[in-house]
$ cat model01.pdb   # PDB, C-alpha atoms and all ligand atoms
ATOM      1  CA  MET A   1     131.525 157.587 117.840
ATOM      2  CA  LEU A   2     128.961 158.610 120.420
ATOM      3  CA  GLU A   3     125.851 156.487 120.139
ATOM      4  CA  ILE A   4     122.483 158.054 120.788
ATOM      5  CA  ASN A   5     120.219 155.621 122.561
ATOM      6  CA  LEU A   6     116.616 156.613 121.921
ATOM      7  CA  ASP A   7     115.528 154.393 124.829
ATOM      8  CA  ASP A   8     116.892 157.162 127.060
ATOM      9  CA  TYR A   9     114.062 159.392 125.796
ATOM     10  CA  VAL A  10     111.169 156.987 126.129
ATOM     11  CA  LEU A  11     108.561 158.385 128.525
ATOM     12  CA  THR A  12     108.169 155.558 131.029
ATOM     13  CA  PRO A  13     105.587 155.780 133.835
ATOM     14  CA  GLU A  14     108.457 156.304 136.322
ATOM     15  CA  ARG A  15     109.901 159.177 134.270
ATOM     16  CA  GLU A  16     106.484 160.747 133.877
ATOM     17  CA  ARG A  17     105.868 160.513 137.618
ATOM     18  CA  SER A  18     109.191 162.061 138.541
ATOM     19  CA  TRP A  19     108.611 164.824 135.968
ATOM     20  CA  ARG A  20     105.147 165.527 137.445
ATOM     21  CA  GLU A  21     106.581 165.605 140.956
ATOM     22  CA  ALA A  22     109.329 168.009 139.898
ATOM     23  CA  MET A  23     106.723 170.305 138.247
ATOM     24  CA  LYS A  24     104.505 170.159 141.329
ATOM     25  CA  LYS A  25     107.431 171.020 143.586
ATOM     26  CA  ARG A  26     108.451 173.931 141.323
ATOM     27  CA  ALA A  27     104.862 175.253 141.288
ATOM     28  CA  ALA A  28     104.729 175.046 145.102
ATOM     29  CA  GLU A  29     108.044 176.927 145.390
ATOM     30  CA  ILE A  30     106.698 179.731 143.170
ATOM     31  CA  ILE A  31     103.442 179.972 145.149
ATOM     32  CA  ILE A  32     105.329 180.165 148.468
ATOM     33  CA  ARG A  33     107.785 182.730 147.054
ATOM     34  CA  ASP A  34     104.957 184.931 145.677
ATOM     35  CA  PHE A  35     103.068 184.723 148.985
ATOM     36  CA  THR A  36     106.183 185.572 151.042
ATOM     37  CA  GLU A  37     106.947 188.590 148.808
ATOM     38  CA  MET A  38     103.330 189.747 148.927
ATOM     39  CA  VAL A  39     103.224 189.528 152.749
ATOM     40  CA  ALA A  40     106.533 191.440 153.018
ATOM     41  CA  ALA A  41     105.054 194.258 150.870
ATOM     42  CA  MET A  42     101.758 194.538 152.815
ATOM     43  CA  ASP A  43     101.043 197.473 155.083
ATOM     44  CA  GLU A  44      98.032 199.114 156.720
ATOM     45  CA  ALA A  45      97.353 201.415 153.751
ATOM     46  CA  GLU A  46      97.292 198.474 151.314
ATOM     47  CA  GLU A  47      95.002 196.485 153.631
ATOM     48  CA  GLU A  48      92.637 199.469 153.756
ATOM     49  CA  ARG A  49      92.709 199.906 149.970
ATOM     50  CA  LEU A  50      91.861 196.215 149.491
ATOM     51  CA  ARG A  51      89.116 196.317 152.138
ATOM     52  CA  ASP A  52      87.454 199.320 150.453
ATOM     53  CA  LEU A  53      87.319 197.722 146.987
ATOM     54  CA  PRO A  54      83.984 196.398 145.729
ATOM     55  CA  TYR A  55      84.156 192.635 146.434
ATOM     56  CA  CYS A  56      84.083 191.742 142.715
ATOM     57  CA  ASP A  57      87.123 194.026 142.133
ATOM     58  CA  PHE A  58      88.834 192.609 145.205
ATOM     59  CA  LEU A  59      88.593 189.120 143.676
ATOM     60  CA  GLU A  60      90.516 190.424 140.628
ATOM     61  CA  THR A  61      93.497 191.748 142.619
ATOM     62  CA  ARG A  62      96.965 190.200 142.553
ATOM     63  CA  TYR A  63      96.695 190.000 146.364
ATOM     64  CA  TRP A  64      93.707 187.654 146.138
ATOM     65  CA  HIS A  65      95.254 185.700 143.247
ATOM     66  CA  VAL A  66      98.436 185.010 145.262
ATOM     67  CA  LEU A  67      96.512 184.339 148.466
ATOM     68  CA  ARG A  68      94.075 181.869 146.891
ATOM     69  CA  ARG A  69      96.874 179.844 145.285
ATOM     70  CA  TYR A  70      98.656 179.746 148.647
ATOM     71  CA  ALA A  71      95.455 178.673 150.453
ATOM     72  CA  CYS A  72      94.893 175.839 147.922
ATOM     73  CA  LEU A  73      98.472 174.657 148.405
ATOM     74  CA  LYS A  74      98.099 174.755 152.204
ATOM     75  CA  HIS A  75      94.866 172.753 151.974
ATOM     76  CA  GLY A  76      96.549 170.045 149.885
ATOM     77  CA  ASP A  77      94.982 171.110 146.555
ATOM     78  CA  HIS A  78      91.728 169.309 147.230
ATOM     79  CA  CYS A  79      88.256 170.263 148.422
ATOM     80  CA  ASP A  80      87.894 170.395 152.220
ATOM     81  CA  ARG A  81      84.486 168.652 152.011
ATOM     82  CA  CYS A  82      84.955 166.017 149.288
ATOM     83  CA  PRO A  83      87.815 164.292 147.421
ATOM     84  CA  ARG A  84      87.651 166.509 144.321
ATOM     85  CA  THR A  85      90.866 168.208 143.192
ATOM     86  CA  VAL A  86      89.474 170.256 140.273
ATOM     87  CA  THR A  87      87.599 173.583 140.065
ATOM     88  CA  LEU A  88      88.833 174.574 143.531
ATOM     89  CA  GLN A  89      87.684 177.888 144.942
ATOM     90  CA  VAL A  90      88.627 179.670 148.127
ATOM     91  CA  HIS A  91      85.683 180.412 150.409
ATOM     92  CA  HIS A  92      85.603 182.927 153.279
ATOM     93  CA  LEU A  93      84.265 181.286 156.449
ATOM     94  CA  ILE A  94      83.960 184.830 157.806
ATOM     95  CA  TYR A  95      84.349 188.186 156.036
ATOM     96  CA  ALA A  96      85.764 190.106 159.013
ATOM     97  CA  HIS A  97      89.318 190.301 157.618
ATOM     98  CA  VAL A  98      88.878 190.976 153.892
ATOM     99  CA  GLY A  99      92.158 192.583 152.769
ATOM    100  CA  SER A 100      94.163 191.063 155.627
ATOM    101  CA  GLU A 101      93.325 187.356 155.224
ATOM    102  CA  TYR A 102      97.035 186.635 154.933
ATOM    103  CA  ARG A 103      97.151 187.210 158.724
ATOM    104  CA  TYR A 104      93.981 185.128 159.297
ATOM    105  CA  LEU A 105      94.378 182.106 157.034
ATOM    106  CA  GLU A 106      91.982 180.163 159.286
ATOM    107  CA  ASP A 107      89.196 182.400 157.864
ATOM    108  CA  LEU A 108      89.582 180.622 154.513
ATOM    109  CA  THR A 109      88.580 177.181 153.325
ATOM    110  CA  VAL A 110      89.069 175.464 149.973
ATOM    111  CA  LEU A 111      85.972 174.053 148.268
ATOM    112  CA  CYS A 112      85.281 172.593 144.831
ATOM    113  CA  ASP A 113      82.694 174.494 142.762
ATOM    114  CA  ARG A 114      79.913 172.050 143.757
ATOM    115  CA  CYS A 115      80.574 172.204 147.506
ATOM    116  CA  HIS A 116      81.047 175.978 147.226
ATOM    117  CA  ALA A 117      77.700 176.432 145.487
ATOM    118  CA  ALA A 118      76.049 174.241 148.137
ATOM    119  CA  GLU A 119      77.692 176.351 150.863
ATOM    120  CA  HIS A 120      76.123 179.504 149.388
ATOM    121  CA  GLY A 121      72.789 177.757 148.849
ATOM    122  CA  ARG A 122      72.986 177.953 145.053
TER     123      ARG A 122
HETATM  124 ZN    ZN A 201      83.843 169.407 147.186
HETATM  125 ZN    ZN A 202      82.208 181.366 149.289
END
$ encode --input "model01.pdb" --output "structure tokens"
Amino acid sequence: MLEINLDDYVLTPERERSWREAMKKRAAEIIIRDFTEMVAAMDEAEEERLRDLPYCDFLETRYWHVLRRYACLKHGDHCDRCPRTVTLQVHHLIYAHVGSEYRYLEDLTVLCDRCHAAEHGR
């Protein structure tokens, strides 16, 4: 008879780490896939539509959602000014390319909420 060994299901630190790493890798794959698909679908008309949106509406678009996740991934999922890895926000260093940031990723930086507030003098 086949024996079931419950030790095979114990969550050891090694198993937890490899599970976390697998999840992190999967999340990164999805972010890269979404970004690649979004870039492939972009054109001048879409860039213009995004540029003309009120900034608060722009921040609600799928474009910005995909782009900000990609920017965080590219910046190593931590703040560019301090070691924090939580409450990350994407900050525009310049606003010259709103709607076409995907072609000017150097315009963007990743800051935690504290460093971001300090950047805007809040
Ligand atoms: Zn910070
Ligand atoms: Zn900002």
$ closest_atom_pairs --input "model01.pdb" --of "stretch 53-112 of chain A" --to "stretch 26-29 of chain A" --cutoff "10 Å" --atoms "all atoms listed in the file" --output "Markdown table"
| residue | atom | partner | partner_atom | distance |
| --- | --- | --- | --- | --- |
| A:Arg69 | CA | A:Ala28 | CA | 9.2 |
| A:Tyr70 | CA | A:Ala28 | CA | 8.5 |
| A:Leu73 | CA | A:Ala28 | CA | 7.1 |
| A:Lys74 | CA | A:Ala28 | CA | 9.7 |
$ closest_residue --input "model01.pdb" --among "A:Arg103, A:His78, A:His97, A:His92" --to "ligand ZN 202 (chain A)" --atoms "all atoms listed in the file"
A:His92
$ residues_near_point --input "model01.pdb" --point "(86.7, 169.3, 141.2)" --cutoff "12 Å" --atoms "only C-alpha atoms" --output "list of chain:residue names"
A:Asp77, A:His78, A:Cys79, A:Asp80, A:Arg81, A:Cys82, A:Pro83, A:Arg84, A:Thr85, A:Val86, A:Thr87, A:Leu88, A:Gln89, A:Val110, A:Leu111, A:Cys112, A:Asp113, A:Arg114, A:Cys115, A:His116
$ residues_near_point --input "model01.pdb" --point "(98.2, 195.4, 152.1)" --cutoff "12 Å" --atoms "all atoms listed in the file" --output "MDAnalysis selection string"
chainID A and resid 37:52 58 61:64 67 97:103
$ atom_distance --input "model01.pdb" --atom1 "atom CA of A:Arg68" --atom2 "atom CA of A:Ile31"
9.7 Å
$ build_atoms --input "model01.pdb" --residues "stretch 49-82 of chain A" --atoms "N, CA and C atoms" --output "PDB file, in the frame of the given file"
ATOM      1  N   ARG A  49      93.076 199.786 151.390  1.00  0.00           N
ATOM      2  CA  ARG A  49      92.709 199.906 149.970  1.00  0.00           C
ATOM      3  C   ARG A  49      91.970 198.650 149.518  1.00  0.00           C
ATOM      4  N   LEU A  50      92.487 197.483 149.880  1.00  0.00           N
ATOM      5  CA  LEU A  50      91.861 196.215 149.491  1.00  0.00           C
ATOM      6  C   LEU A  50      90.477 196.073 150.122  1.00  0.00           C
ATOM      7  N   ARG A  51      90.368 196.452 151.395  1.00  0.00           N
ATOM      8  CA  ARG A  51      89.116 196.317 152.138  1.00  0.00           C
ATOM      9  C   ARG A  51      88.016 197.197 151.523  1.00  0.00           C
ATOM     10  N   ASP A  52      88.430 198.364 150.998  1.00  0.00           N
ATOM     11  CA  ASP A  52      87.454 199.320 150.453  1.00  0.00           C
ATOM     12  C   ASP A  52      87.028 199.010 149.014  1.00  0.00           C
ATOM     13  N   LEU A  53      87.689 198.056 148.370  1.00  0.00           N
ATOM     14  CA  LEU A  53      87.319 197.722 146.987  1.00  0.00           C
ATOM     15  C   LEU A  53      85.968 197.011 146.969  1.00  0.00           C
ATOM     16  N   PRO A  54      85.177 197.247 145.900  1.00  0.00           N
ATOM     17  CA  PRO A  54      83.984 196.398 145.729  1.00  0.00           C
ATOM     18  C   PRO A  54      84.464 194.943 145.691  1.00  0.00           C
ATOM     19  N   TYR A  55      83.693 194.025 146.289  1.00  0.00           N
ATOM     20  CA  TYR A  55      84.156 192.635 146.434  1.00  0.00           C
ATOM     21  C   TYR A  55      84.538 192.001 145.092  1.00  0.00           C
ATOM     22  N   CYS A  56      83.778 192.322 144.034  1.00  0.00           N
ATOM     23  CA  CYS A  56      84.083 191.742 142.715  1.00  0.00           C
ATOM     24  C   CYS A  56      85.439 192.242 142.203  1.00  0.00           C
ATOM     25  N   ASP A  57      85.798 193.503 142.519  1.00  0.00           N
ATOM     26  CA  ASP A  57      87.123 194.026 142.133  1.00  0.00           C
ATOM     27  C   ASP A  57      88.212 193.411 143.005  1.00  0.00           C
ATOM     28  N   PHE A  58      87.883 193.231 144.281  1.00  0.00           N
ATOM     29  CA  PHE A  58      88.834 192.609 145.205  1.00  0.00           C
ATOM     30  C   PHE A  58      89.281 191.240 144.685  1.00  0.00           C
ATOM     31  N   LEU A  59      88.297 190.472 144.167  1.00  0.00           N
ATOM     32  CA  LEU A  59      88.593 189.120 143.676  1.00  0.00           C
ATOM     33  C   LEU A  59      89.502 189.126 142.448  1.00  0.00           C
ATOM     34  N   GLU A  60      89.651 190.298 141.808  1.00  0.00           N
ATOM     35  CA  GLU A  60      90.516 190.424 140.628  1.00  0.00           C
ATOM     36  C   GLU A  60      91.927 190.884 140.977  1.00  0.00           C
ATOM     37  N   THR A  61      92.192 191.189 142.247  1.00  0.00           N
ATOM     38  CA  THR A  61      93.497 191.748 142.619  1.00  0.00           C
ATOM     39  C   THR A  61      94.581 190.683 142.627  1.00  0.00           C
ATOM     40  N   ARG A  62      95.829 191.124 142.455  1.00  0.00           N
ATOM     41  CA  ARG A  62      96.965 190.200 142.553  1.00  0.00           C
ATOM     42  C   ARG A  62      97.025 189.625 143.973  1.00  0.00           C
ATOM     43  N   TYR A  63      96.712 190.457 144.969  1.00  0.00           N
ATOM     44  CA  TYR A  63      96.695 190.000 146.364  1.00  0.00           C
ATOM     45  C   TYR A  63      95.851 188.736 146.492  1.00  0.00           C
ATOM     46  N   TRP A  64      94.607 188.800 145.993  1.00  0.00           N
ATOM     47  CA  TRP A  64      93.707 187.654 146.138  1.00  0.00           C
ATOM     48  C   TRP A  64      94.190 186.458 145.309  1.00  0.00           C
ATOM     49  N   HIS A  65      94.728 186.747 144.129  1.00  0.00           N
ATOM     50  CA  HIS A  65      95.254 185.700 143.247  1.00  0.00           C
ATOM     51  C   HIS A  65      96.369 184.908 143.956  1.00  0.00           C
ATOM     52  N   VAL A  66      97.314 185.642 144.555  1.00  0.00           N
ATOM     53  CA  VAL A  66      98.436 185.010 145.262  1.00  0.00           C
ATOM     54  C   VAL A  66      97.926 184.273 146.492  1.00  0.00           C
ATOM     55  N   LEU A  67      97.035 184.926 147.230  1.00  0.00           N
ATOM     56  CA  LEU A  67      96.512 184.339 148.466  1.00  0.00           C
ATOM     57  C   LEU A  67      95.718 183.049 148.198  1.00  0.00           C
ATOM     58  N   ARG A  68      94.905 183.057 147.143  1.00  0.00           N
ATOM     59  CA  ARG A  68      94.075 181.869 146.891  1.00  0.00           C
ATOM     60  C   ARG A  68      94.923 180.674 146.454  1.00  0.00           C
ATOM     61  N   ARG A  69      95.980 180.942 145.679  1.00  0.00           N
ATOM     62  CA  ARG A  69      96.874 179.844 145.285  1.00  0.00           C
ATOM     63  C   ARG A  69      97.592 179.277 146.515  1.00  0.00           C
ATOM     64  N   TYR A  70      97.975 180.181 147.420  1.00  0.00           N
ATOM     65  CA  TYR A  70      98.656 179.746 148.647  1.00  0.00           C
ATOM     66  C   TYR A  70      97.693 178.932 149.527  1.00  0.00           C
ATOM     67  N   ALA A  71      96.459 179.381 149.639  1.00  0.00           N
ATOM     68  CA  ALA A  71      95.455 178.673 150.453  1.00  0.00           C
ATOM     69  C   ALA A  71      95.211 177.275 149.881  1.00  0.00           C
ATOM     70  N   CYS A  72      95.099 177.158 148.554  1.00  0.00           N
ATOM     71  CA  CYS A  72      94.893 175.839 147.922  1.00  0.00           C
ATOM     72  C   CYS A  72      96.071 174.914 148.214  1.00  0.00           C
ATOM     73  N   LEU A  73      97.276 175.450 148.116  1.00  0.00           N
ATOM     74  CA  LEU A  73      98.472 174.657 148.405  1.00  0.00           C
ATOM     75  C   LEU A  73      98.443 174.173 149.851  1.00  0.00           C
ATOM     76  N   LYS A  74      98.148 175.089 150.774  1.00  0.00           N
ATOM     77  CA  LYS A  74      98.099 174.755 152.204  1.00  0.00           C
ATOM     78  C   LYS A  74      97.045 173.691 152.509  1.00  0.00           C
ATOM     79  N   HIS A  75      95.949 173.715 151.737  1.00  0.00           N
ATOM     80  CA  HIS A  75      94.866 172.753 151.974  1.00  0.00           C
ATOM     81  C   HIS A  75      95.051 171.477 151.142  1.00  0.00           C
ATOM     82  N   GLY A  76      96.230 171.294 150.587  1.00  0.00           N
ATOM     83  CA  GLY A  76      96.549 170.045 149.885  1.00  0.00           C
ATOM     84  C   GLY A  76      95.949 169.935 148.496  1.00  0.00           C
ATOM     85  N   ASP A  77      95.531 171.093 147.919  1.00  0.00           N
ATOM     86  CA  ASP A  77      94.982 171.110 146.555  1.00  0.00           C
ATOM     87  C   ASP A  77      93.809 170.155 146.369  1.00  0.00           C
ATOM     88  N   HIS A  78      92.985 170.036 147.407  1.00  0.00           N
ATOM     89  CA  HIS A  78      91.728 169.309 147.230  1.00  0.00           C
ATOM     90  C   HIS A  78      90.642 169.995 148.060  1.00  0.00           C
ATOM     91  N   CYS A  79      89.396 169.673 147.721  1.00  0.00           N
ATOM     92  CA  CYS A  79      88.256 170.263 148.422  1.00  0.00           C
ATOM     93  C   CYS A  79      88.278 169.820 149.894  1.00  0.00           C
ATOM     94  N   ASP A  80      87.915 170.740 150.792  1.00  0.00           N
ATOM     95  CA  ASP A  80      87.894 170.395 152.220  1.00  0.00           C
ATOM     96  C   ASP A  80      86.692 169.530 152.595  1.00  0.00           C
ATOM     97  N   ARG A  81      85.703 169.410 151.676  1.00  0.00           N
ATOM     98  CA  ARG A  81      84.486 168.652 152.011  1.00  0.00           C
ATOM     99  C   ARG A  81      84.344 167.349 151.239  1.00  0.00           C
ATOM    100  N   CYS A  82      85.073 167.216 150.116  1.00  0.00           N
ATOM    101  CA  CYS A  82      84.955 166.017 149.288  1.00  0.00           C
ATOM    102  C   CYS A  82      86.308 165.746 148.638  1.00  0.00           C
TER     103      CYS A  82
END
